[in-house]
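J.: There's a structure below that I have some questions on.
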Amino acid sequence: MRQRRINILLICAVLLAWAAVPRPAPLAAERLPAILADTPFGLNTHLATRYTDIASMDVPAGLVAQAGAAWAREDIQWWRVQPSPETWDWSYTDAAFGALLAHGISIVGVLGHPPGWATPDATDNASDLSFAAPDPERFAAFAAAVVQRYGHYIHHWEIWNEPDNPLFWKPAPDPAAYAALLKRASIAIHAADPGARVLIGGVNPFNTAFLRQVAQAGAWGSFDILAIHPYIDPSTPERGNLLAAADGVRALAAQWGDKPIWVTEVGWASGPSDHDATGTIDEAAQANMLARGLLLLWRAGVERIFWYTLKDDLNNPYGLVALGAGRADYSRLKPAYYAFQTLARQTAGAEFVGLRDLFGRSTVLDFEAFGAWRRGDQPNGTLTLTGQRTHSGRAAARLDYSFPSNGNDYVVFRRDRPAAIPGTPYALGMWVYGDGSGHQLKVWLQDAQGELLQYALGAVGPPGWRLLEAPLGGPVAPWNRITPGGDGQLSFPASLVAIVLDDGDDQFIGGGTVLLDDMIAISGPEAYDMQLRRGDEAIDVLWAPEGQRAAIRTRATGATVTALGGAASTALAESGKLSFALGPAPIFVRHSGG
């Protein structure tokens, strides 16, 4: 593939490729990364529950520290700690927590995995692991005992793991039951440690129905941090639109009360896994996904991000350490380990400045020439022209909706004359003035073969203009293929056929108004420059998934370039520029003076 020489101009906090896009007023408040004293990145370590040798617990704990992780997420499995009402065994948690704390690593403790004696399921083995919902009062007593033992050292507690996942809450996820558990546990934890911070139990951010029902059950005030698990693997961080992973929960938080967002699990496997039976990602690609994914989540305003996991599981190689001879074998560190280490070292104490890409933006539809739109079979709304509030120009589209049932409600508006999409864009975007509903805005695109495909632009956020984007590469899921047959992949030339608003939660009943303006096609070479600053030093993190030649401007005579694996080299500036051949593995360029 012919590489094109491109320039990434270093102009503080301005995205170059956005220069031609009209600036909206008012914009939705932008969530920028916090300046942290330590790295925002942590690890799911599982030392207390998966490492088998208490005497050598410092071996994995030392590797966690050497990786540069500031945080560890550790399970406190109730069935192991209290196998019977009268018996307590703290040996593994004492050893694991002691080893991690000795290295200065902060801990998030996950409370869950009840014993059979604490659940109403008659089929449970009394002293064995269960995922049945336990008695809330017994669970609260367990939480209090844990915090009384460790509360002097650990102040962050996550209540359950993925309570919205049917694998981890039996017989089926129950928002009301989880809310009751959360409320009682939170009271018990804060009674034992008034300064403790409670995390909700790591929910799926791409479907907010469970979280909304927890809020409706009165438990929104029972946690301090909103924990999510935005798995998109095996898709890449860019194609999977990881930047938008928190949009849905953020829209919900705008209604119920703002909270910090932590990603307590995210990862990519380096081989066949539960999410990817064919194993399309190898160890080198896993390292690349780690760095790019964690950086993009940080850019999205997520306060802390925990990679899943420290060590490979059998049939799920998500770890930084290979499985080897078993759970106690930490002898082979994978490329992802060194990628995490480099990322942590290069970003520690850094301030986010901006994220630039090299895409061009061209207009698909600006609603100045509104055209004719026909509503589909669902009589759930109207699409009309408005000039009351626009992103640019004099006109925008006003979408009024009314969703009448607790089933899957949506409304489709088809354009009589499909709008041509110019070129072969990477993504499609639309400026949206939200109503805080969290509903999903989608589009139907018709490709060169006549196939009709659906793409989700994202969740409708709170009031303020905001750009929602959908990458167009790769096959779409079967349920997004509107017409049967075809390969499920967009071929060009293509056109916009319809705009769709789909309820974000099937339990939602009600209406609202969303404004739409300036649909754009996003095209050009895919390359990124995440700009950071630490004191007087500028740090550019550069990558191009498909490979590109790039240059950044600098006032320095040279720069230190650190590869993802940790190797450092020197680059000399020529005519005020530093030039690089970029690839899918990010490089870290440190130079002075900007």
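Labels for the structure tokens follow display order: chains A, B, ..., residues from 1 in each chain, ligands from 1.
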Apply DSSP to the structure's backbone, then extract all residues of segment 268-402 of chain A labelled strand (DSSP E) and return them as a PyMOL selection string.
T.: chain A and resi 304-307+351-357+360-365+373-375+381-386+396-402
J.: Closest to Arg389 of chain A among A:Asp366, A:Asp193, A:Asp247, A:Asp517, using only C-alpha atoms?
T.: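 The closest residue to Arg389 of chain A is A:Asp517.
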J.: Residues near Asn165 of chain A, anyone? I mean within 9 Å using only C-alpha atoms, not counting same-chain ones fewer than 6 positions away, as a list of chain:residue names.
T.: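 The contact residues come out as A:Ala172, A:Pro173, A:Val203, A:Asn204.
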J.: Kindly indicate which residue among A:Ala269, A:Ala180, A:Leu333, A:Ile232 lies nearest to Tyr308 of chain A, using only C-alpha atoms for the distances.
T.: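 Distance minimum relative to Tyr308 of chain A lands on A:Ala269.
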J.: Please tabulate, as a tab-separated table, the residues of segment 422-497 of chain A that come within 10 Å of segment 353-360 of chain A, each with its closest pair of atoms and the distance in Å to one decimal, counting only C-alpha atoms and ordering rows by chain, then residue number upward.
T.:
residue	atom	partner	partner_atom	distance
A:Pro425	CA	A:Gly360	CA	9.2
A:Tyr426	CA	A:Phe359	CA	8.5
A:Ala427	CA	A:Phe359	CA	9.6
J.: Selection from above, all heavy atoms, as a PDB file, in the first residue's frame, can you write it?
T.:
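File produced: selection-v8.pdb:
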ATOM      1  N   PRO A 425     -15.500   6.948   2.943  1.00  0.00           N
ATOM      2  CA  PRO A 425     -15.119   7.442   4.267  1.00  0.00           C
ATOM      3  C   PRO A 425     -14.852   6.338   5.281  1.00  0.00           C
ATOM      4  O   PRO A 425     -15.371   5.229   5.190  1.00  0.00           O
ATOM      5  CB  PRO A 425     -16.332   8.281   4.685  1.00  0.00           C
ATOM      6  CG  PRO A 425     -17.471   7.703   3.928  1.00  0.00           C
ATOM      7  CD  PRO A 425     -16.899   7.271   2.618  1.00  0.00           C
ATOM      8  N   TYR A 426     -14.067   6.729   6.273  1.00  0.00           N
ATOM      9  CA  TYR A 426     -13.768   5.861   7.418  1.00  0.00           C
ATOM     10  C   TYR A 426     -14.964   5.782   8.361  1.00  0.00           C
ATOM     11  O   TYR A 426     -15.253   4.754   8.959  1.00  0.00           O
ATOM     12  CB  TYR A 426     -12.547   6.410   8.144  1.00  0.00           C
ATOM     13  CG  TYR A 426     -12.350   5.880   9.540  1.00  0.00           C
ATOM     14  CD1 TYR A 426     -11.728   4.654   9.750  1.00  0.00           C
ATOM     15  CD2 TYR A 426     -12.770   6.601  10.658  1.00  0.00           C
ATOM     16  CE1 TYR A 426     -11.544   4.166  11.035  1.00  0.00           C
ATOM     17  CE2 TYR A 426     -12.594   6.122  11.941  1.00  0.00           C
ATOM     18  CZ  TYR A 426     -11.971   4.895  12.121  1.00  0.00           C
ATOM     19  OH  TYR A 426     -11.791   4.403  13.389  1.00  0.00           O
ATOM     20  N   ALA A 427     -15.661   6.906   8.511  1.00  0.00           N
ATOM     21  CA  ALA A 427     -16.756   6.983   9.481  1.00  0.00           C
ATOM     22  C   ALA A 427     -17.775   8.023   9.033  1.00  0.00           C
ATOM     23  O   ALA A 427     -17.521   8.835   8.138  1.00  0.00           O
ATOM     24  CB  ALA A 427     -16.224   7.341  10.865  1.00  0.00           C
TER      25      ALA A 427
END
J.: Using DSSP on the backbone coordinates, identify all residues within segment 70-288 of chain A classified as helix (DSSP H, G or I); present the result as a VMD selection string.
T.: chain A and resid 78 to 81 91 to 102 116 to 118 136 to 150 175 to 192 209 to 216 220 to 222 242 to 244 247 to 256 283 to 288
J.: Can you tell me which residues surround segment 252-268 of chain A at a distance of at most 7 Å, considering only C-alpha atoms, apart from same-chain residues fewer than 2 positions away, and format the answer as a list in words?
T.: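 Here the answer would be Gly202, Asp224, Ile225, Leu226, Ala227, Ile228, His229, Pro230, Tyr231, Asp233, Pro234, Gly248, Val249, Arg250, Ser270, Gln286, Met289, Leu290, Val302, Glu303, Arg304, Ile305, Phe306, Trp307, Tyr308, Tyr318, Gly436, Gly438 and Pro462 of chain A.
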J.: Return as JSON lines the residues of segment 459-525 of chain A lying at most 12 Å from segment 399-406 of chain A, together with the closest atom-to-atom pair for each and the distance in Å to one decimal, counting only C-alpha atoms, with rows in chain order and ascending residue number.
T.:
{"residue": "A:Val460", "atom": "CA", "partner": "A:Leu399", "partner_atom": "CA", "distance": 11.9}
{"residue": "A:Ile499", "atom": "CA", "partner": "A:Leu399", "partner_atom": "CA", "distance": 9.9}
{"residue": "A:Val500", "atom": "CA", "partner": "A:Leu399", "partner_atom": "CA", "distance": 9.9}
{"residue": "A:Leu501", "atom": "CA", "partner": "A:Tyr401", "partner_atom": "CA", "distance": 8.3}
{"residue": "A:Asp502", "atom": "CA", "partner": "A:Phe403", "partner_atom": "CA", "distance": 9.2}
{"residue": "A:Asp503", "atom": "CA", "partner": "A:Phe403", "partner_atom": "CA", "distance": 7.6}
{"residue": "A:Gly504", "atom": "CA", "partner": "A:Phe403", "partner_atom": "CA", "distance": 10.9}
{"residue": "A:Asp505", "atom": "CA", "partner": "A:Asn406", "partner_atom": "CA", "distance": 8.3}
{"residue": "A:Asp506", "atom": "CA", "partner": "A:Asn406", "partner_atom": "CA", "distance": 5.1}
{"residue": "A:Gln507", "atom": "CA", "partner": "A:Asn406", "partner_atom": "CA", "distance": 4.2}
{"residue": "A:Phe508", "atom": "CA", "partner": "A:Asn406", "partner_atom": "CA", "distance": 6.0}
{"residue": "A:Ile509", "atom": "CA", "partner": "A:Pro404", "partner_atom": "CA", "distance": 5.3}
{"residue": "A:Gly510", "atom": "CA", "partner": "A:Phe403", "partner_atom": "CA", "distance": 5.4}
{"residue": "A:Gly511", "atom": "CA", "partner": "A:Ser402", "partner_atom": "CA", "distance": 4.0}
{"residue": "A:Gly512", "atom": "CA", "partner": "A:Tyr401", "partner_atom": "CA", "distance": 5.6}
{"residue": "A:Thr513", "atom": "CA", "partner": "A:Asp400", "partner_atom": "CA", "distance": 4.5}
{"residue": "A:Val514", "atom": "CA", "partner": "A:Leu399", "partner_atom": "CA", "distance": 5.2}
{"residue": "A:Leu515", "atom": "CA", "partner": "A:Leu399", "partner_atom": "CA", "distance": 6.0}
{"residue": "A:Leu516", "atom": "CA", "partner": "A:Leu399", "partner_atom": "CA", "distance": 7.5}
{"residue": "A:Asp517", "atom": "CA", "partner": "A:Leu399", "partner_atom": "CA", "distance": 10.9}
J.: Would you write out those residues with C-alpha atoms, as a short mmCIF file (atom, residue, chain, number, x, y, z; two decimals), in the first residue's frame?
T.:
data_model
loop_
_atom_site.label_atom_id
_atom_site.label_comp_id
_atom_site.auth_asym_id
_atom_site.auth_seq_id
_atom_site.Cartn_x
_atom_site.Cartn_y
_atom_site.Cartn_z
CA VAL A 460 -28.18 10.73 22.79
CA ILE A 499 -32.41 8.09 10.29
CA VAL A 500 -33.56 5.95 13.22
CA LEU A 501 -34.09 6.66 16.92
CA ASP A 502 -34.23 3.48 19.02
CA ASP A 503 -35.09 3.41 22.72
CA GLY A 504 -32.00 2.93 24.87
CA ASP A 505 -34.02 0.98 27.42
CA ASP A 506 -37.04 -1.11 26.48
CA GLN A 507 -38.64 -0.19 29.80
CA PHE A 508 -38.70 3.50 28.83
CA ILE A 509 -42.14 5.00 28.23
CA GLY A 510 -42.37 8.65 27.30
CA GLY A 511 -41.27 11.24 24.79
CA GLY A 512 -38.74 13.94 24.06
CA THR A 513 -37.03 16.05 21.43
CA VAL A 514 -33.64 15.65 19.76
CA LEU A 515 -32.13 18.10 17.26
CA LEU A 516 -29.94 16.93 14.36
CA ASP A 517 -27.60 18.92 12.12
#
J.: Report as a CSV table (one decimal) with C-alpha atoms, in the first residue's frame all protein, DNA and RNA residues lying within 9 Å of Pro379 of chain A, evaluated on only C-alpha atoms, omitting residues in the same chain fewer than 2 positions from it.
T.:
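Output contents, as saved in around32.csv:
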chain,number,residue,atom,x,y,z
A,375,ARG,CA,-42.0,8.0,8.6
A,376,GLY,CA,-41.9,4.2,8.7
A,377,ASP,CA,-44.6,1.9,10.1
A,381,GLY,CA,-42.6,10.5,16.2
A,382,THR,CA,-42.1,13.3,13.6
A,402,SER,CA,-43.1,9.3,21.8
A,410,TYR,CA,-38.2,3.0,17.7
A,411,VAL,CA,-39.0,5.4,14.8
J.: Given only C-alpha atoms, how would the per-residue table for segment 490-560 of chain A near segment 474-485 of chain A read, listing every residue at most 12 Å away with its closest atom pair and distance in Å to one decimal, sorted by chain and number, as a Markdown table?
T.:
| residue | atom | partner | partner_atom | distance |
| --- | --- | --- | --- | --- |
| A:Leu490 | CA | A:Pro475 | CA | 7.4 |
| A:Ser491 | CA | A:Gly474 | CA | 10.2 |
| A:Val497 | CA | A:Ile482 | CA | 11.5 |
| A:Ala498 | CA | A:Ile482 | CA | 11.3 |
J.: Residues at most 12 Å from Pro422 of chain A, counting only C-alpha atoms, excluding those fewer than 2 positions away in the same chain, as an MDAnalysis selection string?
T.: chainID A and resid 360:365 419:420 424:428 492:496 519:524
J.: Which one of A:Asp416, A:Glu86, A:Asp94, A:Glu74 sits closest to Trp157 of chain A if you count only C-alpha atoms?
T.: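 The closest residue to Trp157 of chain A is A:Glu74.
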J.: Within 10 Å of Ile187 of chain A, counting only C-alpha atoms, which residues qualify if same-chain residues fewer than 5 places away don't, as a ChimeraX atom specification?
T.: /A:140,143-144,182,192-194,198,222-223
